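Visitor: So that you have it, the file is input-v6.tsv, and it contains TSV, C-alpha atoms:
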chain	number	residue	atom	x	y	z
A	4	MET	CA	0.00	0.00	0.00
A	5	LYS	CA	0.97	3.62	-0.48
A	6	ILE	CA	0.43	5.26	2.91
A	7	ALA	CA	0.71	8.88	4.07
A	8	LEU	CA	1.17	9.57	7.78
A	9	LEU	CA	0.61	13.05	9.21
A	10	SER	CA	2.52	13.80	12.40
A	11	THR	CA	2.75	17.02	14.42
A	12	PRO	CA	5.12	19.98	14.03
A	13	TRP	CA	5.88	20.07	17.77
A	14	ILE	CA	8.18	17.07	18.27
A	15	ALA	CA	10.44	15.21	15.83
A	16	VAL	CA	9.80	11.57	14.93
A	17	PRO	CA	10.88	9.60	16.86
A	18	PRO	CA	11.09	11.85	19.93
A	19	SER	CA	14.42	12.16	21.74
A	20	GLY	CA	12.54	12.41	25.04
A	21	TYR	CA	8.92	13.16	25.89
A	22	GLY	CA	6.49	12.59	23.01
A	23	GLY	CA	4.03	9.71	23.19
A	24	ILE	CA	2.19	10.49	19.94
A	25	GLU	CA	5.42	10.92	17.99
A	26	LYS	CA	6.80	7.68	19.43
A	27	VAL	CA	3.73	5.80	18.21
A	28	ILE	CA	4.03	7.40	14.77
A	29	GLY	CA	7.73	6.53	14.57
A	30	ASP	CA	7.16	2.90	15.51
A	31	LEU	CA	4.19	2.63	13.14
A	32	THR	CA	6.17	4.15	10.27
A	33	GLU	CA	9.11	1.77	10.70
A	34	GLY	CA	6.77	-1.20	11.08
A	35	LEU	CA	4.95	-0.36	7.84
A	36	VAL	CA	8.19	0.13	5.91
A	37	LYS	CA	9.51	-3.16	7.29
A	38	ARG	CA	6.44	-4.89	5.87
A	39	GLY	CA	7.14	-3.51	2.40
A	40	HIS	CA	4.65	-0.64	2.27
A	41	GLN	CA	5.44	2.64	0.51
A	42	VAL	CA	5.23	5.21	3.30
A	43	MET	CA	5.38	9.00	3.26
A	44	LEU	CA	5.85	10.55	6.71
A	45	PHE	CA	5.02	14.22	7.05
A	46	ALA	CA	6.70	15.46	10.21
A	47	THR	CA	9.60	17.88	10.82
A	48	GLY	CA	12.93	18.00	9.03
A	49	ASP	CA	14.92	16.78	12.01
A	50	SER	CA	12.96	13.50	12.08
A	51	LYS	CA	14.73	10.21	11.39
A	52	THR	CA	12.86	7.60	9.41
A	53	SER	CA	13.22	4.80	6.86
A	54	ALA	CA	10.21	6.21	5.04
A	55	ARG	CA	10.11	9.11	2.62
A	56	LEU	CA	10.22	12.24	4.80
A	57	GLU	CA	8.39	15.45	3.88
A	58	TYR	CA	8.12	18.56	6.04
A	59	TYR	CA	7.44	22.28	6.29
A	60	TYR	CA	9.45	23.09	9.41
A	61	ASP	CA	13.17	22.19	9.34
A	62	LYS	CA	13.15	21.57	13.08
A	63	ALA	CA	10.50	20.61	15.63
A	64	LEU	CA	8.88	23.69	17.15
A	65	GLY	CA	8.86	22.31	20.69
A	66	ASN	CA	6.21	20.78	22.91
A	67	ASN	CA	4.97	24.10	24.25
A	68	LEU	CA	1.34	24.86	25.15
A	69	ASN	CA	1.88	28.53	24.33
A	70	LEU	CA	3.02	27.68	20.79
A	71	LYS	CA	0.14	25.28	20.28
A	72	ALA	CA	-2.35	28.04	21.07
A	73	ASN	CA	-1.19	29.93	17.95
A	74	PRO	CA	-3.08	28.43	14.95
A	75	TYR	CA	-0.68	29.80	12.35
A	76	TYR	CA	2.03	27.26	13.20
A	77	ILE	CA	-0.24	24.28	12.71
A	78	PHE	CA	-1.90	25.66	9.57
A	79	ASN	CA	1.47	26.15	7.86
A	80	HIS	CA	2.25	22.51	8.64
A	81	ILE	CA	-1.13	21.20	7.47
A	82	HIS	CA	-1.23	23.31	4.31
A	83	ALA	CA	2.13	21.96	3.13
A	84	PHE	CA	0.92	18.41	3.76
A	85	PHE	CA	-2.26	18.83	1.75
A	86	LYS	CA	-0.35	20.35	-1.17
A	87	ILE	CA	1.34	16.94	-1.47
A	88	ILE	CA	-1.97	15.10	-1.07
A	89	LYS	CA	-3.45	17.21	-3.86
A	90	LYS	CA	-0.69	16.10	-6.26
A	91	GLU	CA	-0.43	12.43	-5.26
A	92	LYS	CA	-2.80	9.54	-4.72
A	93	PHE	CA	-2.46	7.35	-1.64
A	94	ASP	CA	-4.24	4.13	-0.73
A	95	ILE	CA	-4.77	5.53	2.79
A	96	ILE	CA	-3.97	8.80	4.57
A	97	HIS	CA	-3.55	8.53	8.33
A	98	ASN	CA	-3.98	11.64	10.48
A	99	HIS	CA	-2.31	11.75	13.91
A	100	ASN	CA	-2.59	15.54	14.14
A	101	GLN	CA	-6.19	15.44	15.34
A	102	TYR	CA	-8.38	18.54	15.02
A	103	PHE	CA	-7.55	21.18	12.39
A	104	PRO	CA	-6.71	18.71	9.56
A	105	MET	CA	-10.29	17.41	9.71
A	106	TYR	CA	-11.52	20.50	7.87
A	107	PHE	CA	-9.20	19.67	4.97
A	108	PHE	CA	-9.91	15.94	4.95
A	109	ASP	CA	-13.55	16.77	4.43
A	110	LEU	CA	-12.60	18.18	1.02
A	111	ILE	CA	-10.46	15.37	-0.43
A	112	ASP	CA	-11.43	12.30	-2.41
A	113	GLN	CA	-9.01	9.76	-0.94
A	114	PRO	CA	-9.41	7.22	1.89
A	115	PHE	CA	-8.33	8.60	5.27
A	116	VAL	CA	-8.57	7.81	8.96
A	117	HIS	CA	-7.95	9.75	12.17
A	118	THR	CA	-6.33	8.32	15.30
A	119	LEU	CA	-7.57	10.11	18.41
A	120	HIS	CA	-4.79	10.57	20.95
A	121	GLY	CA	-6.62	12.77	23.46
A	122	ALA	CA	-9.57	12.75	25.83
A	123	PHE	CA	-12.81	14.51	24.95
A	124	TYR	CA	-15.26	13.92	27.77
A	125	LYS	CA	-17.38	16.78	29.05
A	126	ASN	CA	-15.93	19.09	31.71
A	127	LEU	CA	-12.38	17.79	31.20
A	128	LYS	CA	-9.87	19.99	33.02
A	129	ALA	CA	-7.04	20.19	30.52
A	130	PRO	CA	-4.15	22.69	30.50
A	131	GLU	CA	-4.73	23.57	26.84
A	132	GLY	CA	-8.49	24.11	27.32
A	133	PHE	CA	-10.97	24.41	24.43
A	134	ILE	CA	-12.67	21.13	25.40
A	135	GLU	CA	-16.15	22.11	24.28
A	136	GLU	CA	-14.76	23.54	21.04
A	137	LYS	CA	-12.90	20.28	20.37
A	138	ARG	CA	-16.01	18.24	21.11
A	139	SER	CA	-18.03	20.41	18.73
A	140	LEU	CA	-15.42	20.00	16.01
A	141	LEU	CA	-15.40	16.22	16.41
A	142	MET	CA	-19.19	16.13	16.24
A	143	LYS	CA	-19.07	18.23	13.07
A	144	PHE	CA	-17.01	15.47	11.46
A	145	LYS	CA	-18.48	12.55	13.38
A	146	ASN	CA	-18.97	10.48	10.21
A	147	HIS	CA	-15.26	10.49	9.43
A	148	PRO	CA	-13.51	7.17	10.23
A	149	PHE	CA	-11.85	7.22	13.65
A	150	ILE	CA	-9.47	4.90	15.49
A	151	SER	CA	-9.52	4.95	19.29
A	152	ILE	CA	-6.49	4.00	21.38
A	153	SER	CA	-8.64	2.44	24.12
A	154	ASN	CA	-12.26	1.48	24.51
A	155	ASN	CA	-12.59	3.84	27.45
A	156	GLN	CA	-11.56	6.75	25.24
A	157	ARG	CA	-14.75	6.23	23.21
A	158	THR	CA	-17.02	6.81	26.21
A	159	GLY	CA	-16.11	10.51	26.24
A	160	ILE	CA	-17.68	11.03	22.82
A	161	PRO	CA	-19.45	7.81	21.73
A	162	GLU	CA	-21.18	9.35	18.71
A	163	LEU	CA	-18.12	9.14	16.44
A	164	ASN	CA	-17.68	6.63	13.63
A	165	TYR	CA	-15.16	4.32	15.30
A	166	ILE	CA	-13.54	1.77	12.99
A	167	LYS	CA	-11.35	-0.03	15.52
A	168	THR	CA	-9.52	0.31	18.82
A	169	VAL	CA	-5.76	0.00	18.37
A	170	TYR	CA	-3.72	-0.08	21.56
A	171	ASN	CA	-0.37	1.68	21.57
A	172	GLY	CA	2.63	-0.63	21.69
A	173	ILE	CA	6.30	-0.66	22.62
A	174	ASN	CA	9.34	-2.67	21.57
A	175	PRO	CA	9.98	-4.97	24.57
A	176	GLN	CA	13.62	-5.38	23.54
A	177	ASP	CA	14.16	-1.72	24.49
A	178	PHE	CA	13.59	-2.68	28.13
A	179	TRP	CA	14.79	-5.48	30.36
A	180	LEU	CA	13.47	-7.27	33.40
A	181	GLY	CA	14.56	-5.79	36.71
A	182	LYS	CA	14.38	-7.25	40.20
A	183	GLY	CA	12.98	-4.19	41.96
A	184	GLU	CA	15.80	-4.16	44.48
A	185	GLY	CA	16.24	-0.39	44.64
A	186	GLY	CA	13.79	0.03	47.50
A	187	TYR	CA	12.07	3.05	45.97
A	188	LEU	CA	8.86	3.99	44.15
A	189	VAL	CA	8.90	5.73	40.79
A	190	TRP	CA	6.74	8.28	38.94
A	191	LEU	CA	7.40	9.22	35.32
A	192	GLY	CA	5.53	11.54	33.01
A	193	ARG	CA	4.65	15.12	32.20
A	194	ILE	CA	4.15	17.35	35.21
A	195	THR	CA	0.56	18.51	35.04
A	196	TYR	CA	-2.31	18.49	37.52
A	197	ASN	CA	-4.10	15.61	35.79
A	198	LYS	CA	-1.10	13.25	36.20
A	199	GLY	CA	-1.32	13.39	40.01
A	200	LEU	CA	2.35	13.73	40.94
A	201	ASP	CA	1.40	15.46	44.20
A	202	ILE	CA	-0.67	12.38	45.09
A	203	ALA	CA	2.30	10.09	44.39
A	204	ILE	CA	4.47	12.18	46.71
A	205	ARG	CA	1.93	11.98	49.53
A	206	VAL	CA	1.54	8.22	49.08
A	207	ALA	CA	5.31	7.66	49.13
A	208	ARG	CA	5.56	9.59	52.38
A	209	LYS	CA	2.76	7.58	53.95
A	210	VAL	CA	4.62	4.30	53.26
A	211	SER	CA	8.01	5.82	54.16
A	212	LEU	CA	9.62	4.95	50.83
A	213	PRO	CA	11.78	7.17	48.61
A	214	LEU	CA	10.17	8.42	45.40
A	215	LYS	CA	12.16	9.03	42.24
A	216	ILE	CA	10.55	11.44	39.76
A	217	ALA	CA	11.48	11.50	36.08
A	218	ALA	CA	9.51	14.30	34.49
A	219	PHE	CA	9.04	16.59	31.53
A	220	ILE	CA	7.91	20.14	32.30
A	221	ASP	CA	6.08	22.00	29.53
A	222	LYS	CA	6.92	25.72	29.48
A	223	GLY	CA	3.20	26.39	29.66
A	224	GLU	CA	3.02	24.47	32.95
A	225	GLU	CA	6.17	25.81	34.61
A	226	ASP	CA	4.08	27.90	36.99
A	227	TYR	CA	2.21	24.81	38.23
A	228	PHE	CA	5.50	23.01	38.87
A	229	GLN	CA	7.02	25.93	40.76
A	230	LYS	CA	3.96	26.52	42.96
A	231	GLU	CA	2.57	23.03	43.55
A	232	ILE	CA	5.35	20.46	43.07
A	233	LYS	CA	8.75	22.00	43.74
A	234	PRO	CA	7.93	22.81	47.40
A	235	LEU	CA	7.21	19.09	47.95
A	236	ILE	CA	10.65	17.93	46.81
A	237	ASP	CA	13.03	16.95	49.62
A	238	LYS	CA	15.67	14.34	50.44
A	239	LYS	CA	13.21	11.45	50.07
A	240	VAL	CA	11.63	12.85	46.90
A	241	GLU	CA	14.29	12.93	44.19
A	242	PHE	CA	13.64	14.97	41.05
A	243	LEU	CA	15.66	13.55	38.14
A	244	GLY	CA	14.31	15.76	35.37
A	245	GLU	CA	13.48	14.34	31.95
A	246	ILE	CA	15.08	11.00	31.08
A	247	LYS	CA	15.69	10.53	27.35
A	248	ASP	CA	18.00	7.51	27.36
A	249	LEU	CA	16.18	4.16	27.22
A	250	LYS	CA	18.92	2.37	29.15
A	251	THR	CA	18.62	4.86	32.01
A	252	LYS	CA	14.83	4.63	31.95
A	253	SER	CA	14.91	0.83	31.98
A	254	THR	CA	17.28	0.84	34.96
A	255	LEU	CA	15.08	3.34	36.80
A	256	PHE	CA	11.97	1.22	36.27
A	257	GLY	CA	13.66	-2.14	36.78
A	258	ASN	CA	15.03	-1.25	40.21
A	259	ALA	CA	11.77	0.30	41.42
A	260	LYS	CA	9.48	-1.48	43.84
A	261	ALA	CA	6.41	-0.13	41.99
A	262	PHE	CA	5.34	2.53	39.52
A	263	LEU	CA	2.65	4.92	40.77
A	264	PHE	CA	0.03	6.17	38.30
A	265	PRO	CA	-2.46	8.24	40.37
A	266	ILE	CA	-4.11	10.01	37.42
A	267	ARG	CA	-6.95	12.47	37.97
A	268	TRP	CA	-8.29	12.24	34.42
A	269	HIS	CA	-9.46	9.54	32.04
A	270	GLU	CA	-6.13	9.09	30.29
A	271	PRO	CA	-6.86	7.48	26.92
A	272	PHE	CA	-3.86	5.16	27.13
A	273	GLY	CA	-0.58	5.76	29.00
A	274	ILE	CA	2.45	4.14	27.32
A	275	VAL	CA	4.43	4.61	30.53
A	276	MET	CA	2.43	1.75	32.09
A	277	LEU	CA	3.75	-0.59	29.38
A	278	GLU	CA	7.31	0.57	29.87
A	279	ALA	CA	7.12	-0.08	33.61
A	280	MET	CA	5.61	-3.56	33.20
A	281	ALA	CA	8.14	-4.43	30.47
A	282	CYS	CA	10.78	-3.94	33.19
A	283	GLY	CA	8.80	-6.19	35.53
A	284	THR	CA	7.65	-3.25	37.64
A	285	PRO	CA	4.07	-3.51	38.96
A	286	VAL	CA	1.82	-0.55	38.23
A	287	ILE	CA	-0.44	0.82	40.97
A	288	ALA	CA	-2.98	3.07	39.30
A	289	PHE	CA	-6.26	4.85	39.90
A	290	ASN	CA	-9.19	3.26	38.09
A	291	LYS	CA	-9.58	5.89	35.37
A	292	GLY	CA	-9.27	5.95	31.62
A	293	SER	CA	-7.63	2.92	30.01
A	294	VAL	CA	-6.10	1.58	33.24
A	295	ALA	CA	-8.44	-1.42	33.48
A	296	GLU	CA	-7.63	-2.33	29.84
A	297	VAL	CA	-3.88	-2.28	30.43
A	298	ILE	CA	-3.35	-3.64	33.94
A	299	ILE	CA	-4.52	-7.04	35.20
A	300	ASP	CA	-5.55	-6.24	38.77
A	301	GLY	CA	-3.62	-8.38	41.24
A	302	GLN	CA	-1.33	-9.82	38.56
A	303	THR	CA	0.54	-6.95	36.87
A	304	GLY	CA	-0.24	-4.39	39.54
A	305	PHE	CA	-3.22	-3.05	41.43
A	306	ILE	CA	-6.16	-0.90	40.36
A	307	VAL	CA	-7.30	1.37	43.19
A	308	ASN	CA	-9.67	4.26	43.79
A	309	THR	CA	-8.15	6.28	46.63
A	310	GLU	CA	-4.83	7.28	48.14
A	311	GLU	CA	-5.39	4.95	51.08
A	312	GLU	CA	-6.05	2.03	48.74
A	313	MET	CA	-2.82	2.90	46.92
A	314	VAL	CA	-0.96	2.80	50.22
A	315	LYS	CA	-2.38	-0.66	50.99
A	316	ALA	CA	-1.53	-1.88	47.47
A	317	ILE	CA	2.13	-0.93	47.95
A	318	GLU	CA	2.19	-3.16	51.04
A	319	LYS	CA	1.10	-6.09	48.80
A	320	VAL	CA	3.28	-5.34	45.79
A	321	ASP	CA	5.83	-8.06	46.56
A	322	GLN	CA	3.11	-10.60	45.72
A	323	ILE	CA	3.30	-9.62	42.05
A	324	ASP	CA	5.27	-11.86	39.69
A	325	ARG	CA	7.54	-9.41	37.88
A	326	SER	CA	8.18	-11.86	35.04
A	327	PHE	CA	4.45	-12.06	34.36
A	328	CYS	CA	4.30	-8.25	34.10
A	329	ARG	CA	6.75	-8.38	31.21
A	330	GLU	CA	5.02	-11.35	29.58
A	331	HIS	CA	1.72	-9.44	29.67
A	332	VAL	CA	3.27	-6.63	27.63
A	333	ILE	CA	4.92	-9.00	25.15
A	334	LYS	CA	1.63	-10.81	24.59
A	335	ASN	CA	-0.68	-7.82	24.26
A	336	PHE	CA	1.11	-4.51	23.71
A	337	THR	CA	3.97	-4.79	21.25
A	338	THR	CA	4.69	-2.47	18.34
A	339	ASP	CA	4.28	-5.42	15.95
A	340	LYS	CA	0.75	-6.04	17.18
A	341	MET	CA	-0.04	-2.33	16.92
A	342	VAL	CA	1.15	-2.22	13.31
A	343	GLU	CA	-0.90	-5.28	12.35
A	344	ASP	CA	-3.99	-3.78	13.97
A	345	TYR	CA	-3.52	-0.54	12.06
A	346	LEU	CA	-3.17	-2.43	8.78
A	347	GLU	CA	-6.45	-4.19	9.53
A	348	ALA	CA	-8.08	-0.82	10.20
A	349	TYR	CA	-6.71	0.56	6.92
A	350	GLN	CA	-8.27	-2.30	4.98
A	351	ARG	CA	-11.65	-1.62	6.58
A	352	VAL	CA	-11.47	2.08	5.71
A	353	ILE	CA	-10.43	1.42	2.12
A	354	LYS	CA	-13.20	-1.16	1.67
A	355	ASP	CA	-15.85	1.20	3.03
A	356	PHE	CA	-14.52	4.09	0.96
A	357	THR	CA	-14.88	2.18	-2.30
A	358	LYS	CA	-18.57	1.68	-1.49
A	359	ILE	CA	-19.28	5.42	-1.31
Have the structure of the file written as structure tokens, please.
Guide:
Amino acid sequence: MKIALLSTPWIAVPPSGYGGIEKVIGDLTEGLVKRGHQVMLFATGDSKTSARLEYYYDKALGNNLNLKANPYYIFNHIHAFFKIIKKEKFDIIHNHNQYFPMYFFDLIDQPFVHTLHGAFYKNLKAPEGFIEEKRSLLMKFKNHPFISISNNQRTGIPELNYIKTVYNGINPQDFWLGKGEGGYLVWLGRITYNKGLDIAIRVARKVSLPLKIAAFIDKGEEDYFQKEIKPLIDKKVEFLGEIKDLKTKSTLFGNAKAFLFPIRWHEPFGIVMLEAMACGTPVIAFNKGSVAEVIIDGQTGFIVNTEEEMVKAIEKVDQIDRSFCREHVIKNFTTDKMVEDYLEAYQRVIKDFTKI
């Protein structure tokens, strides 16, 4: 197949650090090329790929909420992409850039599909805002073909034309099984209210265990970090900053007693859960979003509802078979499986398109 993939202008593919969407796009692109498909990746010029690379911006603009609020950056990116689409025919065009491209896809006569990477339920408290506007936009194009990244994600806006749920995947060989002998808890992610880092810190203190924090701080959320998180950091709460090296990340996870995931929002997936389990590290998470689809309660971690339940789960974490945590990821959440699922979704979209 001849496939066009639309990434974002914010982070290069693959990302050198934080960038879940771009990581998925990078793995998908390489997987499609490996299977012999003709792939065009539209990303930024500093991306590295085996596919044909096209771009408008020479370098990634940066994962900055303030930049994302300016529509001119994204429209330059999208316009350049659709100039290519206008000249060439593709078997399938795959949008990972979510909202604004939908206006343009409504005007083309080629098969396309959108992967939703965000959450869209009513009254969502998100740093970037515009939730109702995003919901209205999605409803405007509700008959477009959509791919969800978890079944829970669909519940936020069930009216859309969902083709398939495709779980994100990782390459298990990038991580190795650890014994959890470091005697600490770990939290990794982007520092934002919805990720619940302050909860993780309180829980760690209640069980008298050190907490290691590996985090990305968006410039648009620096104020939240300075006011709400930085004052909580002390000798038992170690702030490591952003970890970009996979070997360092694997060591951090592998030596941890457990990974805490006390999210306040319905996170549509959460690749970090896979990375932890691939290192044998049990995940203790609040029962929100895709958590129940990723974790097997009592076998690869614990699904809880409150801080006190999280505290009690940590006391039981040694019961978890760390080898089984890794096996669970290898069986259900690999990049190879993700690529095959996307190919199946493409075939469905192409088949339905030919009927129109």
Visitor: I'd like the contact shell of stretch 91-95 of chain A - 6 Å cut-off, all atoms listed in the file, skipping same-chain residues fewer than 4 positions apart - returned as a PyMOL selection string.
Guide: chain A and resi 4-6+114-115
Visitor: For each of A:His331, A:Lys250, A:Lys198, A:Lys260, take the minimum atom-to-atom distance to A:Phe289, counting only C-alpha atoms, then give the residue where this is smallest.
Guide: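 Looking only at the distances to A:Phe289, the closest residue turns out to be A:Lys198.
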Visitor: Up to 10 Å from (9.7, -0.5, 27.7) in the file's coordinates: name the residues, counting all atoms listed in the file, as a list in words.
Guide: Gly172, Ile173, Asn174, Pro175, Gln176, Asp177, Phe178, Trp179, Leu180, Leu249, Lys250, Lys252, Ser253, Phe256, Ile274, Val275, Met276, Leu277, Glu278, Ala279, Met280, Ala281, Cys282, Gly283, Arg329, Val332 and Thr337 of chain A
Visitor: Smallest atom-to-atom distance to A:Lys238: which of A:Phe144, A:Ala122, A:Leu214, A:Glu225, using only C-alpha atoms?
Guide: A:Leu214
Visitor: What gap, in Å, lies between atom CA of A:Asn66 and atom CA of A:Arg267?
Guide: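 Between these atoms lies a distance of 21.7 Å.
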Visitor: Between atom CA of A:Asp344 and atom CA of A:Asn171, what is the distance, to one decimal in Å?
Guide: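 Here the two named atoms are 10.0 Å from each other.
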Visitor: At a cut-off of 10 Å around the point (-1.1, 15.1, 22.4) (file coordinates), what residues fall inside when counting all atoms listed in the file? I'd like the answer as an MDAnalysis selection string.
Guide: chainID A and resid 11 13 22:25 66 99:101 119:122
Visitor: Just checking: using all atoms listed in the file, which residue out of A:Ala218, A:Pro161, A:Leu9, A:Ala203 ends up closest to A:Lys125?
Guide: A:Pro161
Visitor: Counting all atoms listed in the file, which of A:Ala295, A:Ala259, A:Leu70, A:Ala207 gets nearest to A:Gly186?
Guide: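 Selected residue with least distance to A:Gly186: A:Ala259.
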Visitor: Contacts of A:Val342 at 9 Å or less, counting only C-alpha atoms, minus same-chain residues fewer than 2 places along, as number ranges by chain?
Guide: A: 30-32, 34-35, 169, 172, 337-340, 344-347
Visitor: Quick one: pull the distance between atom CA of A:Glu57 and atom CA of A:Phe45, Å, one decimal.
Guide: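 A separation of 4.8 Å between them.
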